[in-house]
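Structure file query12.cif (mmCIF, C-alpha atoms) follows.
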data_run
loop_
_atom_site.group_PDB
_atom_site.id
_atom_site.type_symbol
_atom_site.label_atom_id
_atom_site.label_comp_id
_atom_site.auth_asym_id
_atom_site.auth_seq_id
_atom_site.Cartn_x
_atom_site.Cartn_y
_atom_site.Cartn_z
ATOM 1 C CA MET A 236 -43.151 -19.251 160.946
ATOM 2 C CA ALA A 237 -44.187 -22.849 160.321
ATOM 3 C CA ALA A 238 -44.234 -22.170 156.583
ATOM 4 C CA MET A 239 -40.761 -20.660 156.746
ATOM 5 C CA TYR A 240 -39.487 -23.726 158.606
ATOM 6 C CA ALA A 241 -41.094 -26.093 156.094
ATOM 7 C CA SER A 242 -39.505 -24.150 153.254
ATOM 8 C CA ALA A 243 -36.106 -24.293 154.906
ATOM 9 C CA VAL A 244 -36.148 -28.029 155.530
ATOM 10 C CA SER A 245 -37.293 -28.775 151.986
ATOM 11 C CA SER A 246 -34.438 -26.818 150.458
ATOM 12 C CA LEU A 247 -32.834 -28.470 147.456
ATOM 13 C CA VAL A 248 -29.485 -26.940 148.361
ATOM 14 C CA THR A 249 -27.546 -29.240 150.665
ATOM 15 C CA ASP A 250 -24.655 -28.223 152.893
ATOM 16 C CA ALA A 251 -22.282 -29.908 150.446
ATOM 17 C CA MET A 252 -23.720 -27.907 147.542
ATOM 18 C CA ARG A 253 -23.446 -24.684 149.539
ATOM 19 C CA ALA A 254 -19.851 -25.488 150.458
ATOM 20 C CA ALA A 255 -19.040 -26.009 146.773
ATOM 21 C CA LEU A 256 -19.936 -22.427 145.798
ATOM 22 C CA GLY A 257 -16.951 -20.719 144.220
ATOM 23 C CA THR A 258 -15.350 -24.002 143.162
ATOM 24 C CA GLU A 259 -13.668 -24.079 139.778
ATOM 25 C CA LEU A 260 -15.553 -26.418 137.450
ATOM 26 C CA SER A 261 -13.231 -26.226 134.488
ATOM 27 C CA ARG A 262 -10.256 -24.385 133.062
ATOM 28 C CA THR A 263 -9.897 -24.580 129.295
ATOM 29 C CA VAL A 264 -7.354 -23.061 126.935
ATOM 30 C CA SER A 265 -8.265 -22.623 123.269
ATOM 31 C CA HIS A 266 -6.089 -23.122 120.261
ATOM 32 C CA PRO A 267 -5.191 -19.781 118.656
ATOM 33 C CA VAL A 268 -8.247 -18.181 117.048
ATOM 34 C CA SER A 269 -7.915 -18.561 113.282
ATOM 35 C CA ALA A 270 -9.330 -16.575 110.379
ATOM 36 C CA SER A 271 -10.962 -19.776 109.193
ATOM 37 C CA ASP A 272 -12.743 -20.213 112.560
ATOM 38 C CA ILE A 273 -14.210 -16.720 112.140
ATOM 39 C CA ARG A 274 -15.238 -17.169 108.502
ATOM 40 C CA ARG A 275 -17.014 -20.441 109.254
ATOM 41 C CA TRP A 276 -18.711 -19.047 112.366
ATOM 42 C CA ALA A 277 -20.009 -15.990 110.531
ATOM 43 C CA THR A 278 -21.123 -18.062 107.549
ATOM 44 C CA ALA A 279 -23.171 -20.352 109.815
ATOM 45 C CA VAL A 280 -24.744 -17.552 111.866
ATOM 46 C CA TYR A 281 -25.666 -15.322 108.912
ATOM 47 C CA TRP A 282 -26.782 -18.191 106.649
ATOM 48 C CA PRO A 283 -28.568 -18.152 104.196
ATOM 49 C CA GLU A 284 -27.408 -14.546 103.696
ATOM 50 C CA PRO A 285 -23.674 -14.044 103.224
ATOM 51 C CA PRO A 286 -21.928 -12.649 106.280
ATOM 52 C CA PRO A 287 -20.643 -9.061 106.223
ATOM 53 C CA ALA A 288 -17.546 -8.867 104.003
ATOM 54 C CA ARG A 289 -15.257 -8.002 106.903
ATOM 55 C CA TYR A 290 -15.720 -11.531 108.305
ATOM 56 C CA LEU A 291 -14.488 -13.051 105.035
ATOM 57 C CA SER A 292 -11.416 -10.844 104.765
ATOM 58 C CA ALA A 293 -7.779 -11.935 105.109
ATOM 59 C CA GLU A 294 -7.670 -10.834 108.766
ATOM 60 C CA PRO A 295 -11.279 -10.772 109.927
ATOM 61 C CA PRO A 296 -12.376 -9.294 113.270
ATOM 62 C CA ALA A 297 -13.801 -11.885 115.638
ATOM 63 C CA PRO A 298 -17.550 -11.600 116.226
ATOM 64 C CA GLU A 299 -18.306 -11.153 119.925
ATOM 65 C CA ASP A 300 -20.278 -14.411 120.011
ATOM 66 C CA LEU A 301 -17.497 -16.576 118.491
ATOM 67 C CA ASN A 302 -16.812 -19.779 120.451
ATOM 68 C CA PRO A 303 -13.068 -20.560 120.183
ATOM 69 C CA PHE A 304 -13.500 -23.743 122.261
ATOM 70 C CA ALA A 305 -15.651 -25.706 119.802
ATOM 71 C CA TRP A 306 -14.496 -29.204 118.850
ATOM 72 C CA ALA A 307 -10.943 -29.173 120.185
ATOM 73 C CA VAL A 308 -8.993 -27.293 122.826
ATOM 74 C CA ALA A 309 -5.306 -26.989 123.650
ATOM 75 C CA GLU A 310 -5.670 -27.732 127.377
ATOM 76 C CA LYS A 311 -8.411 -28.727 129.734
ATOM 77 C CA SER A 312 -8.222 -29.127 133.498
ATOM 78 C CA GLY A 313 -10.435 -28.851 136.554
ATOM 79 C CA ALA A 314 -13.185 -31.051 137.905
ATOM 80 C CA ALA A 315 -15.059 -31.325 134.597
ATOM 81 C CA SER A 316 -12.040 -32.738 132.757
ATOM 82 C CA ALA A 317 -11.719 -35.639 135.217
ATOM 83 C CA THR A 318 -15.168 -37.044 134.487
ATOM 84 C CA ARG A 319 -16.852 -38.684 131.543
ATOM 85 C CA LEU A 320 -20.318 -37.541 132.646
ATOM 86 C CA THR A 321 -22.464 -35.920 129.970
ATOM 87 C CA GLY A 322 -24.097 -32.520 130.304
ATOM 88 C CA ASN A 323 -27.529 -34.080 129.839
ATOM 89 C CA ASP A 324 -27.650 -35.312 133.449
ATOM 90 C CA PRO A 325 -29.497 -32.655 135.528
ATOM 91 C CA ASP A 326 -27.062 -33.356 138.396
ATOM 92 C CA HIS A 327 -24.049 -32.919 136.115
ATOM 93 C CA THR A 328 -22.766 -29.771 137.867
ATOM 94 C CA GLU A 329 -22.613 -31.378 141.310
ATOM 95 C CA LYS A 330 -21.497 -34.812 140.127
ATOM 96 C CA ILE A 331 -18.372 -33.437 138.498
ATOM 97 C CA LEU A 332 -17.522 -31.945 141.906
ATOM 98 C CA GLY A 333 -18.044 -35.331 143.542
ATOM 99 C CA ILE A 334 -21.129 -34.348 145.527
ATOM 100 C CA ALA A 335 -24.777 -35.340 145.271
ATOM 101 C CA GLY A 336 -27.015 -33.075 143.220
ATOM 102 C CA PRO A 337 -30.614 -32.090 143.975
ATOM 103 C CA GLY A 338 -31.941 -35.092 142.016
ATOM 104 C CA LEU A 339 -34.402 -33.125 139.916
ATOM 105 C CA ALA A 340 -35.669 -34.667 136.692
ATOM 106 C CA ASN A 341 -35.613 -31.756 134.265
ATOM 107 C CA GLN A 342 -33.313 -28.918 133.312
ATOM 108 C CA LEU A 343 -33.352 -26.064 130.882
ATOM 109 C CA ASN A 344 -31.170 -23.140 129.970
ATOM 110 C CA GLY A 345 -32.672 -20.115 131.716
ATOM 111 C CA GLY A 346 -30.572 -17.416 130.145
ATOM 112 C CA LEU A 347 -27.317 -15.549 130.316
ATOM 113 C CA THR A 348 -25.697 -12.187 130.872
ATOM 114 C CA ILE A 349 -22.471 -11.436 129.015
ATOM 115 C CA THR A 350 -20.186 -8.539 129.935
ATOM 116 C CA TYR A 351 -17.561 -7.728 127.328
ATOM 117 C CA GLY A 352 -13.979 -6.570 127.718
ATOM 118 C CA THR A 353 -11.303 -6.487 125.048
ATOM 119 C CA PRO A 354 -12.260 -8.046 121.678
ATOM 120 C CA MET A 355 -10.805 -11.337 120.429
ATOM 121 C CA HIS A 356 -8.444 -11.236 117.447
ATOM 122 C CA VAL A 357 -6.930 -13.760 115.074
ATOM 123 C CA GLY A 358 -4.020 -15.450 116.867
ATOM 124 C CA ASP A 359 -5.423 -14.945 120.372
ATOM 125 C CA THR A 360 -5.376 -17.840 122.794
ATOM 126 C CA ILE A 361 -8.387 -17.703 125.104
ATOM 127 C CA THR A 362 -8.596 -19.199 128.589
ATOM 128 C CA SER A 363 -12.010 -19.984 130.059
ATOM 129 C CA VAL A 364 -12.421 -20.482 133.799
ATOM 130 C CA ARG A 365 -15.866 -21.686 134.842
ATOM 131 C CA THR A 366 -16.927 -21.551 138.494
ATOM 132 C CA LEU A 367 -20.040 -22.494 140.435
ATOM 133 C CA ASP A 368 -21.405 -19.111 141.381
ATOM 134 C CA GLY A 369 -24.768 -19.445 143.133
ATOM 135 C CA TYR A 370 -27.959 -21.303 143.947
ATOM 136 C CA ARG A 371 -31.403 -19.752 144.243
ATOM 137 C CA GLU A 372 -34.734 -21.508 144.805
ATOM 138 C CA ARG A 373 -38.239 -20.509 143.850
ATOM 139 C CA ASP A 374 -41.615 -22.209 144.007
ATOM 140 C CA GLY A 375 -43.407 -22.130 140.679
ATOM 141 C CA ARG A 376 -45.996 -23.833 138.568
ATOM 142 C CA LEU A 377 -43.681 -26.815 138.157
ATOM 143 C CA GLY A 378 -42.936 -27.108 141.871
ATOM 144 C CA ARG A 379 -39.708 -26.170 143.596
ATOM 145 C CA MET A 380 -37.251 -24.854 141.030
ATOM 146 C CA LEU A 381 -33.517 -24.528 141.497
ATOM 147 C CA PHE A 382 -31.677 -21.739 139.658
ATOM 148 C CA THR A 383 -27.958 -22.456 139.406
ATOM 149 C CA THR A 384 -25.580 -19.806 138.180
ATOM 150 C CA THR A 385 -22.156 -20.538 136.756
ATOM 151 C CA ALA A 386 -19.667 -17.821 135.878
ATOM 152 C CA ASP A 387 -17.432 -18.272 132.841
ATOM 153 C CA THR A 388 -14.539 -15.809 132.606
ATOM 154 C CA TRP A 389 -12.496 -15.569 129.400
ATOM 155 C CA THR A 390 -9.103 -13.914 129.249
ATOM 156 C CA ASN A 391 -6.621 -13.629 126.412
ATOM 157 C CA GLN A 392 -2.915 -14.528 126.367
ATOM 158 C CA ARG A 393 -2.094 -11.135 127.918
ATOM 159 C CA GLY A 394 -4.455 -11.763 130.829
ATOM 160 C CA GLU A 395 -6.954 -9.170 129.582
ATOM 161 C CA LEU A 396 -10.640 -9.830 130.257
ATOM 162 C CA VAL A 397 -12.421 -10.819 127.025
ATOM 163 C CA LYS A 398 -15.811 -11.506 128.511
ATOM 164 C CA ARG A 399 -17.596 -12.779 131.570
ATOM 165 C CA THR A 400 -20.761 -14.826 131.154
ATOM 166 C CA ALA A 401 -23.219 -15.637 133.924
ATOM 167 C CA LEU A 402 -25.284 -18.648 132.861
ATOM 168 C CA THR A 403 -28.458 -19.714 134.648
ATOM 169 C CA LEU A 404 -29.524 -23.354 134.638
ATOM 170 C CA ILE A 405 -33.101 -24.016 135.771
ATOM 171 C CA ARG A 406 -33.832 -27.430 137.271
ATOM 172 C CA TYR A 407 -37.230 -28.672 138.390
ATOM 173 C CA MET B 337 -24.168 -3.356 106.246
ATOM 174 C CA THR B 338 -23.747 -0.230 108.330
ATOM 175 C CA ASP B 339 -21.045 2.146 107.123
ATOM 176 C CA ALA B 340 -18.125 2.300 109.567
ATOM 177 C CA ALA B 341 -18.176 6.091 109.803
ATOM 178 C CA ARG B 342 -21.932 6.446 110.263
ATOM 179 C CA LEU B 343 -23.638 6.487 113.632
ATOM 180 C CA PRO B 344 -27.025 4.803 113.913
ATOM 181 C CA ASP B 345 -30.156 6.703 114.879
ATOM 182 C CA LEU B 346 -29.471 7.550 118.527
ATOM 183 C CA THR B 347 -32.955 8.802 119.317
ATOM 184 C CA GLU B 348 -34.600 7.253 122.353
ATOM 185 C CA GLY B 349 -37.381 5.001 121.102
ATOM 186 C CA ALA B 350 -35.645 4.373 117.768
ATOM 187 C CA ASP B 351 -36.142 0.966 116.190
ATOM 188 C CA ILE B 352 -32.835 -0.850 115.659
ATOM 189 C CA GLY B 353 -34.099 -2.952 112.748
ATOM 190 C CA VAL B 354 -35.176 -6.556 112.454
ATOM 191 C CA TRP B 355 -33.178 -9.682 111.664
ATOM 192 C CA THR B 356 -35.322 -12.433 110.132
ATOM 193 C CA ARG B 357 -34.407 -16.049 109.502
ATOM 194 C CA GLU B 358 -36.308 -19.171 108.497
ATOM 195 C CA THR B 359 -35.068 -21.651 111.073
ATOM 196 C CA GLY B 360 -34.969 -25.417 110.965
ATOM 197 C CA PHE B 361 -32.455 -28.188 110.510
ATOM 198 C CA ALA B 362 -30.623 -26.241 107.786
ATOM 199 C CA THR B 363 -29.820 -23.390 110.205
ATOM 200 C CA TRP B 364 -29.425 -25.506 113.355
ATOM 201 C CA ASN B 365 -27.091 -28.030 111.749
ATOM 202 C CA ARG B 366 -24.852 -25.286 110.379
ATOM 203 C CA PHE B 367 -24.643 -23.732 113.833
ATOM 204 C CA ALA B 368 -24.058 -27.133 115.452
ATOM 205 C CA ALA B 369 -21.160 -27.632 113.067
ATOM 206 C CA VAL B 370 -19.338 -24.488 114.209
ATOM 207 C CA ASN B 371 -20.347 -24.623 117.876
ATOM 208 C CA ASP B 372 -19.888 -28.383 118.436
ATOM 209 C CA GLU B 373 -23.532 -28.565 119.490
ATOM 210 C CA PHE B 374 -24.907 -31.723 117.888
ATOM 211 C CA VAL B 375 -27.488 -32.454 120.572
ATOM 212 C CA PRO B 376 -30.394 -34.795 119.677
ATOM 213 C CA ILE B 377 -33.109 -32.251 120.642
ATOM 214 C CA HIS B 378 -31.711 -29.938 117.939
ATOM 215 C CA MET B 379 -31.366 -32.656 115.288
ATOM 216 C CA ASP B 380 -34.245 -35.050 115.670
ATOM 217 C CA ASP B 381 -38.003 -34.418 116.008
ATOM 218 C CA GLU B 382 -38.423 -37.591 118.045
ATOM 219 C CA ALA B 383 -35.831 -36.393 120.565
ATOM 220 C CA GLY B 384 -37.593 -33.039 120.752
ATOM 221 C CA ARG B 385 -40.913 -34.777 121.461
ATOM 222 C CA ALA B 386 -39.262 -36.928 124.116
ATOM 223 C CA ALA B 387 -38.206 -33.670 125.788
ATOM 224 C CA GLY B 388 -41.829 -32.521 125.862
ATOM 225 C CA MET B 389 -41.711 -30.229 122.829
ATOM 226 C CA PRO B 390 -43.692 -30.544 119.572
ATOM 227 C CA GLY B 391 -40.493 -31.515 117.773
ATOM 228 C CA ALA B 392 -36.846 -30.572 117.452
ATOM 229 C CA PHE B 393 -35.960 -27.020 118.427
ATOM 230 C CA GLY B 394 -33.052 -24.694 117.836
ATOM 231 C CA GLN B 395 -30.098 -23.830 120.033
ATOM 232 C CA GLY B 396 -30.485 -20.991 122.518
ATOM 233 C CA ASN B 397 -26.912 -20.068 121.581
ATOM 234 C CA LEU B 398 -27.999 -19.474 117.989
ATOM 235 C CA LEU B 399 -30.721 -17.060 119.156
ATOM 236 C CA VAL B 400 -28.021 -15.274 121.159
ATOM 237 C CA SER B 401 -25.917 -15.054 117.994
ATOM 238 C CA TYR B 402 -28.916 -13.617 116.098
ATOM 239 C CA LEU B 403 -29.245 -10.975 118.832
ATOM 240 C CA HIS B 404 -25.546 -10.147 118.468
ATOM 241 C CA ALA B 405 -25.985 -9.909 114.698
ATOM 242 C CA VAL B 406 -28.913 -7.488 114.838
ATOM 243 C CA VAL B 407 -27.083 -5.289 117.352
ATOM 244 C CA ARG B 408 -23.901 -5.346 115.226
ATOM 245 C CA GLU B 409 -25.816 -4.352 112.108
ATOM 246 C CA TRP B 410 -27.401 -1.459 113.996
ATOM 247 C CA MET B 411 -24.291 -0.119 115.754
ATOM 248 C CA GLY B 412 -21.909 -0.612 112.813
ATOM 249 C CA GLU B 413 -18.196 -0.390 113.441
ATOM 250 C CA SER B 414 -18.552 2.795 115.481
ATOM 251 C CA GLY B 415 -20.103 1.018 118.461
ATOM 252 C CA GLU B 416 -18.832 -1.601 120.859
ATOM 253 C CA LEU B 417 -20.927 -4.106 122.723
ATOM 254 C CA VAL B 418 -20.618 -3.673 126.494
ATOM 255 C CA GLU B 419 -23.204 -6.152 127.723
ATOM 256 C CA LEU B 420 -25.878 -8.451 126.362
ATOM 257 C CA SER B 421 -28.362 -10.547 128.320
ATOM 258 C CA ALA B 422 -31.158 -12.875 127.259
ATOM 259 C CA GLN B 423 -33.691 -15.168 128.853
ATOM 260 C CA PHE B 424 -34.968 -18.276 127.127
ATOM 261 C CA ARG B 425 -38.744 -18.399 127.545
ATOM 262 C CA ARG B 426 -39.939 -20.593 124.655
ATOM 263 C CA PRO B 427 -38.270 -23.034 122.291
ATOM 264 C CA ASN B 428 -37.364 -21.979 118.753
ATOM 265 C CA LEU B 429 -39.431 -24.481 116.767
ATOM 266 C CA LYS B 430 -39.082 -24.714 112.969
ATOM 267 C CA GLY B 431 -40.177 -21.544 111.223
ATOM 268 C CA THR B 432 -39.599 -17.817 111.138
ATOM 269 C CA VAL B 433 -37.768 -16.046 113.918
ATOM 270 C CA ARG B 434 -37.221 -12.326 114.165
ATOM 271 C CA ALA B 435 -34.721 -10.500 116.345
ATOM 272 C CA GLY B 436 -34.990 -6.785 116.914
ATOM 273 C CA GLY B 437 -35.250 -4.087 119.500
ATOM 274 C CA THR B 438 -35.569 -0.478 120.559
ATOM 275 C CA LEU B 439 -33.169 2.095 121.924
ATOM 276 C CA THR B 440 -34.573 2.896 125.354
ATOM 277 C CA SER B 441 -32.037 5.284 126.872
ATOM 278 C CA LEU B 442 -28.800 7.145 126.282
ATOM 279 C CA THR B 443 -26.304 7.944 129.008
ATOM 280 C CA ARG B 444 -23.145 10.034 128.757
ATOM 281 C CA THR B 445 -20.345 8.350 130.739
ATOM 282 C CA ASP B 446 -16.607 8.933 131.194
ATOM 283 C CA THR B 447 -15.928 6.449 128.409
ATOM 284 C CA GLY B 448 -18.502 7.596 125.868
ATOM 285 C CA LEU B 449 -22.164 7.547 125.055
ATOM 286 C CA GLU B 450 -23.933 4.402 126.216
ATOM 287 C CA ALA B 451 -27.114 3.245 124.498
ATOM 288 C CA ARG B 452 -29.392 0.834 126.310
ATOM 289 C CA LEU B 453 -31.418 -1.458 124.055
ATOM 290 C CA ASP B 454 -34.456 -3.581 124.791
ATOM 291 C CA LEU B 455 -34.224 -6.613 122.523
ATOM 292 C CA TRP B 456 -36.403 -9.579 121.648
ATOM 293 C CA VAL B 457 -36.575 -12.699 119.569
ATOM 294 C CA THR B 458 -40.064 -13.681 118.405
ATOM 295 C CA ASP B 459 -41.546 -16.455 116.308
ATOM 296 C CA ALA B 460 -43.962 -16.227 113.364
ATOM 297 C CA ASP B 461 -46.892 -15.741 115.794
ATOM 298 C CA ASP B 462 -45.071 -12.880 117.533
ATOM 299 C CA ALA B 463 -44.641 -14.986 120.666
ATOM 300 C CA VAL B 464 -41.522 -13.849 122.499
ATOM 301 C CA LEU B 465 -38.951 -16.631 122.572
ATOM 302 C CA ALA B 466 -36.246 -14.603 124.245
ATOM 303 C CA PRO B 467 -36.557 -11.172 125.847
ATOM 304 C CA ALA B 468 -33.123 -9.576 125.935
ATOM 305 C CA ALA B 469 -31.228 -6.365 126.520
ATOM 306 C CA ALA B 470 -27.902 -4.860 125.562
ATOM 307 C CA THR B 471 -25.665 -1.898 126.235
ATOM 308 C CA VAL B 472 -23.621 -0.412 123.392
ATOM 309 C CA ARG B 473 -20.920 2.228 123.800
ATOM 310 C CA PHE B 474 -20.040 4.891 121.234
ATOM 311 C CA ARG B 475 -16.730 6.641 121.936
#
So that I can check it, write out the structure of this file as structure tokens.
Amino acid sequence: MAAMYASAVSSLVTDAMRAALGTELSRTVSHPVSASDIRRWATAVYWPEPPPARYLSAEPPAPEDLNPFAWAVAEKSGAASATRLTGNDPDHTEKILGIAGPGLANQLNGGLTITYGTPMHVGDTITSVRTLDGYRERDGRLGRMLFTTTADTWTNQRGELVKRTALTLIRY
Amino acid sequence: MTDAARLPDLTEGADIGVWTRETGFATWNRFAAVNDEFVPIHMDDEAGRAAGMPGAFGQGNLLVSYLHAVVREWMGESGELVELSAQFRRPNLKGTVRAGGTLTSLTRTDTGLEARLDLWVTDADDAVLAPAAATVRFR
């Protein structure tokens, strides 16, 4: 019982962090996906081999992993757009919401799960909505670790689900 | 490249093939250029060392793209990717990486035949950088 109490009081997740669960972090709208975006993406990923010919065609299919938000976007709103903080700060997620983070020194990308819907096509405009989805703590070799999950949902201009990505950030 | 009309080997336990790349600044910089991911740890050995690694290391997103590529080459145009997950366990330091996997199960569903794949990315010493999994549907 004492151990349980000690664990509870040393939680890295504050009431403010808990209250922020479900909050929208960003809403971003891409420029229309272009054939050139796809050709360049495929060329970089498959390099030094040439990409499959279909990705170099006049109307190439979009690879599932294509990022249509790289470099420039058509619109950006939400908490993340109102700050100039960089993603290298381990408290970045909380700071953009205006609350204190756990104050841990290190962070790394733990992994991701992507669920796919309808494929992207040339001309599609993709909207990404990123929300703070969950906190989980675990004691490990590096001390108390905080696993933070964000959910990133992409839809196309018809409102169809393109993909949903759950990203896990590990802080310690 | 897999022929559009041809199904891959859908035997449980089948190897899906291996994707091999020599990684380093030449691969990471190309990926940074298309993914807007010019981060010092991926561009500069000193920055990698400052982050506690032996040197610069590659983007986790590029390993995820390699996993997509090996699955695409296996399933051809007859399959569609339903889900893909990956965990990042070790950094991709300069050198050989391989992505591959095995078909572990097949399930008939209302929407088609779903193949479950166990996937991995390893380095030249066969250390697993990223265990992963995917589900592919064949209609």
**Study point:** Who sits within 8 Å of segment 383-398 of chain B, only C-alpha atoms, same chain under 3 positions skipped, as a ChimeraX atom specification
**Key:** /A:280,344 /B:359-360,364,367,376-380,401-402,424,427-430
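For the set A:Thr366, A:Thr384, A:Asn391, A:Asn323, the residue with the smallest atom-to-atom gap to Pro354 of chain A is A:Asn391, counting all atoms listed in the file.
The residue that comes closest to chain A, out of B:Ser414, B:Thr347, B:Thr443, B:Thr363 and on the basis of all atoms listed in the file, is B:Thr363.
Distance-wise, atom CA of Arg379 of chain A and atom CA of Val375 of chain B end up 26.8 Å apart.
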Practice item. Up to 6 Å from chain A, what residues of chain B turn up? Count all atoms listed in the file and give them as a VMD selection string. Key: chain B and resid 366 to 367 370 to 372 418 to 424
Exercise for review: In Å, rounded to a single decimal, give me how far atom CA of Val400 of chain B is from atom CA of Ala293 of chain A.
Suggested key: 26.0 Å
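Relative to atom CA of Pro285 of chain A, atom CA of Phe374 of chain B is found at 23.0 Å.
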Review point. Of the candidates B:Gly415, B:Pro344, B:Gly436, B:Gly431, which one gets nearest to Pro467 of chain B if we count all atoms listed in the file?
Key: B:Gly436
Exercise for review: For Ser261 of chain A, work out the shell of residues within 9 Å, counting only C-alpha atoms and skipping chain neighbours fewer than 4 positions away, then give it as number ranges by chain.
Suggested key: A: 311-316, 363-366
Residue rebuild result segment 382-403 of chain A, N, CA and C atoms as a JSON list (two decimals), keeping the file's coordinate frame:
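Saved file part-v2.json follows:
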[["chain", "number", "residue", "atom", "x", "y", "z"],
["A", 382, "PHE", "N", -32.41, -22.56, 140.63],
["A", 382, "PHE", "CA", -31.68, -21.74, 139.66],
["A", 382, "PHE", "C", -30.19, -21.79, 140.04],
["A", 383, "THR", "N", -29.39, -22.32, 139.15],
["A", 383, "THR", "CA", -27.96, -22.46, 139.41],
["A", 383, "THR", "C", -27.20, -21.55, 138.45],
["A", 384, "THR", "N", -26.35, -20.72, 139.02],
["A", 384, "THR", "CA", -25.58, -19.81, 138.18],
["A", 384, "THR", "C", -24.12, -20.25, 138.14],
["A", 385, "THR", "N", -23.59, -20.32, 136.92],
["A", 385, "THR", "CA", -22.16, -20.54, 136.76],
["A", 385, "THR", "C", -21.57, -19.30, 136.09],
["A", 386, "ALA", "N", -20.36, -18.98, 136.46],
["A", 386, "ALA", "CA", -19.67, -17.82, 135.88],
["A", 386, "ALA", "C", -18.53, -18.34, 135.01],
["A", 387, "ASP", "N", -18.47, -17.85, 133.79],
["A", 387, "ASP", "CA", -17.43, -18.27, 132.84],
["A", 387, "ASP", "C", -16.64, -17.03, 132.44],
["A", 388, "THR", "N", -15.37, -16.99, 132.86],
["A", 388, "THR", "CA", -14.54, -15.81, 132.61],
["A", 388, "THR", "C", -13.49, -16.15, 131.56],
["A", 389, "TRP", "N", -13.46, -15.36, 130.49],
["A", 389, "TRP", "CA", -12.50, -15.57, 129.40],
["A", 389, "TRP", "C", -11.44, -14.46, 129.45],
["A", 390, "THR", "N", -10.19, -14.88, 129.37],
["A", 390, "THR", "CA", -9.10, -13.91, 129.25],
["A", 390, "THR", "C", -8.24, -14.30, 128.05],
["A", 391, "ASN", "N", -7.51, -13.32, 127.55],
["A", 391, "ASN", "CA", -6.62, -13.63, 126.41],
["A", 391, "ASN", "C", -5.21, -13.94, 126.91],
["A", 392, "GLN", "N", -4.28, -14.12, 126.01],
["A", 392, "GLN", "CA", -2.92, -14.53, 126.37],
["A", 392, "GLN", "C", -2.17, -13.43, 127.12],
["A", 393, "ARG", "N", -2.70, -12.22, 127.13],
["A", 393, "ARG", "CA", -2.09, -11.14, 127.92],
["A", 393, "ARG", "C", -2.79, -10.97, 129.27],
["A", 394, "GLY", "N", -3.74, -11.84, 129.55],
["A", 394, "GLY", "CA", -4.46, -11.76, 130.83],
["A", 394, "GLY", "C", -5.58, -10.74, 130.82],
["A", 395, "GLU", "N", -5.88, -10.17, 129.66],
["A", 395, "GLU", "CA", -6.95, -9.17, 129.58],
["A", 395, "GLU", "C", -8.31, -9.87, 129.56],
["A", 396, "LEU", "N", -9.28, -9.27, 130.25],
["A", 396, "LEU", "CA", -10.64, -9.83, 130.26],
["A", 396, "LEU", "C", -11.27, -9.69, 128.87],
["A", 397, "VAL", "N", -11.71, -10.81, 128.31],
["A", 397, "VAL", "CA", -12.42, -10.82, 127.02],
["A", 397, "VAL", "C", -13.92, -10.75, 127.26],
["A", 398, "LYS", "N", -14.40, -11.60, 128.13],
["A", 398, "LYS", "CA", -15.81, -11.51, 128.51],
["A", 398, "LYS", "C", -16.08, -12.34, 129.75],
["A", 399, "ARG", "N", -17.15, -12.00, 130.42],
["A", 399, "ARG", "CA", -17.60, -12.78, 131.57],
["A", 399, "ARG", "C", -19.07, -13.11, 131.34],
["A", 400, "THR", "N", -19.39, -14.38, 131.41],
["A", 400, "THR", "CA", -20.76, -14.83, 131.15],
["A", 400, "THR", "C", -21.33, -15.47, 132.41],
["A", 401, "ALA", "N", -22.48, -14.99, 132.83],
["A", 401, "ALA", "CA", -23.22, -15.64, 133.92],
["A", 401, "ALA", "C", -24.34, -16.43, 133.29],
["A", 402, "LEU", "N", -24.30, -17.75, 133.47],
["A", 402, "LEU", "CA", -25.28, -18.65, 132.86],
["A", 402, "LEU", "C", -26.21, -19.18, 133.94],
["A", 403, "THR", "N", -27.50, -19.20, 133.66],
["A", 403, "THR", "CA", -28.46, -19.71, 134.65],
["A", 403, "THR", "C", -29.08, -21.01, 134.14]]
